[in-house]
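Q: So that we are looking at the same thing, I have put the structure below in structure tokens.
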Amino acid sequence: MAKILIDTEICKSCGLCVNVCPLKLLRLSETRNSKGGRSAEQTDAGKCTGCALCAAMCPDSAIQVYKEA
Amino acid sequence: MKAVYERNPLLMGSNKFCPGCGHPLLNKIIADVLAENNWAGDAITALCIGCALNMTPYVDWDLVQCPHGRAAAVATGIKHVQKSKLVFTYQGDGDAAGIGLTETFHAASRGEPFTQIMVNNQIYGMTGGQSSCTTLIGQKTTTSGPSGRDPAHTGYPTKLAEVIAMVDAAGYVARVSIHTPKHIRQAKKAIEKAFRLQMEENKYTFVEVLAMCPTNFHVEPWDAPAYTEEKVLPVFPLGEFKTPEGR
Ligand SMILES: Cc1ncc(C[n+]2csc(CCOP(=O)(O)OP(=O)(O)O)c2C)c(N)n1
Ligand code: SF4
Ligand code: SF4
Ligand code: SF4
Ligand SMILES: [Mg+2]
């Protein structure tokens, strides 16, 4: 079991995390953050493996990844 | 749950770089190298003029703001009086290869025991996208004219890593990229190696980092990795151009 946390206020909607998720679990949201940006969101959270490629790619360190030990 | 990837505490909350910019990504890679090696308390960065100025409120280690192009001269002075510190410049291509080529080249020639990091985004980012000496052939900038850089008029992109690798006193020279997770891993290794050779063997070390500037590439941020792969890598090959004997 793995979980990611996206800081939607830090996220700048660059989409780089969306590109790299091997399972295509990420997309830019239809809702807007306080700066008007479509921040990243995860779909199908249960499928996330915690590979952390999204977090490694995020230029703004908006993603943190946790895994069941 | 166990943390697999957490925000590095050396980075403040948000930053002012554009979406998809290579600078904050490289700031993070450097912060991780500093934290993992317990170097943050000893790090002093000679910071350039350019978009990297946005680092001053973003990273939590010591920075000295240098005049445009002169970071290698400032780093020389810092390292001479603070020999035990991890001293590195952080410069754009316009800064390190353009206006500051003299300082860069002679610091390498003297074998000054610090590290130069050149962030090559093939543009003068901060001032609004003018051509740099590293601008690609055909790349459209605000000063290139409508058909892009023409070698008959302004020559060819400067390949600084290859030049510095020819300098006798240079200890380690590499060019890396940060447009995919795999490249990010390689970049991190190269920066760590450069810092270690400075700290343990007093070597001058140089790492050129190809970075994305979606704003001035005129592409969407999510398309900047493909732009890097297709247009930038064929001109600026990656690799270690000089390493100490056998390493
Ligand atoms: C002596 C001097 N000349 C020119 C400038 C204007 N200037 C500011 S940043 C810059 C270029 C920055 O380009 P680069 O080093 O590639 O950094 P980037 O912003 O692309 O990361 C220039 C020409 C200046 N500040 N000082
Ligand atoms: S941790 Fe891996 S699987 Fe989970 S969202 Fe990020 S890239 Fe996708
Ligand atoms: S990479 Fe980071 S900043 Fe970019 S969309 Fe994903 S979470 Fe947001
Ligand atoms: S102009 Fe380019 S280098 Fe400067 S902050 Fe924006 S994307 Fe980054
Ligand atoms: Mg530049």
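Ordering of the structure tokens sets the chain letters (A, B, ...), residue numbers begin anew at 1 in every chain, and ligands are numbered from 1 in the order given.
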With a distance threshold of 12 Å and counting only C-alpha atoms, extract the residues of chain A near chain B and express them as JSON, numbers by chain.
A: {"A": [1, 2, 3, 4, 5, 6, 7, 8, 9, 10, 11, 12, 13, 14, 15, 16, 17, 18, 19, 20, 21, 22, 27, 28, 37, 38, 39, 49, 50, 51, 52, 53, 54, 55, 56, 57, 58, 59, 60, 61, 62, 63, 64, 65, 66, 67, 68, 69]}
Q: Check which residues fall inside 7 Å of ligand 5 when counting only C-alpha atoms and all ligand atoms, and print them as an MDAnalysis selection string.
A: chainID B and resid 92:94 119:125
Q: How about saving the chosen residues, C-alpha atoms kept, as a PDB file, in the first residue's frame?
A:
```pdb
ATOM      1  CA  GLY B  92      23.399  30.186 -15.988  1.00  0.00           C
ATOM      2  CA  ASP B  93      24.853  29.599 -19.447  1.00  0.00           C
ATOM      3  CA  GLY B  94      24.820  33.337 -20.144  1.00  0.00           C
ATOM      4  CA  VAL B 119      22.730  25.566 -15.792  1.00  0.00           C
ATOM      5  CA  ASN B 120      22.505  25.473 -19.575  1.00  0.00           C
ATOM      6  CA  ASN B 121      19.000  26.363 -20.756  1.00  0.00           C
ATOM      7  CA  GLN B 122      20.284  27.759 -24.092  1.00  0.00           C
ATOM      8  CA  ILE B 123      18.858  31.214 -23.381  1.00  0.00           C
ATOM      9  CA  TYR B 124      19.087  34.391 -21.338  1.00  0.00           C
ATOM     10  CA  GLY B 125      16.048  33.461 -19.277  1.00  0.00           C
TER      11      GLY B 125
END
```
Q: Within 10 Å of ligand 1, which residues show up when you count only C-alpha atoms and all ligand atoms? List them as a PyMOL selection string, please.
A: chain B and resi 21-23+48-54+67-70+90-100+118-135+211-213+216
Q: Return the single residue from B:Lys203, B:Lys159, B:Lys140, B:Lys83 that is closest to B:Ala43, with distances computed using only C-alpha atoms.
A: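 Looking only at the distances to B:Ala43, the closest residue turns out to be B:Lys83.
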Q: Would you please give, as a ChimeraX atom specification, all residues of chain A that DSSP assigns to alpha helix (DSSP H) based on the backbone?
A: /A:16-20,53-57
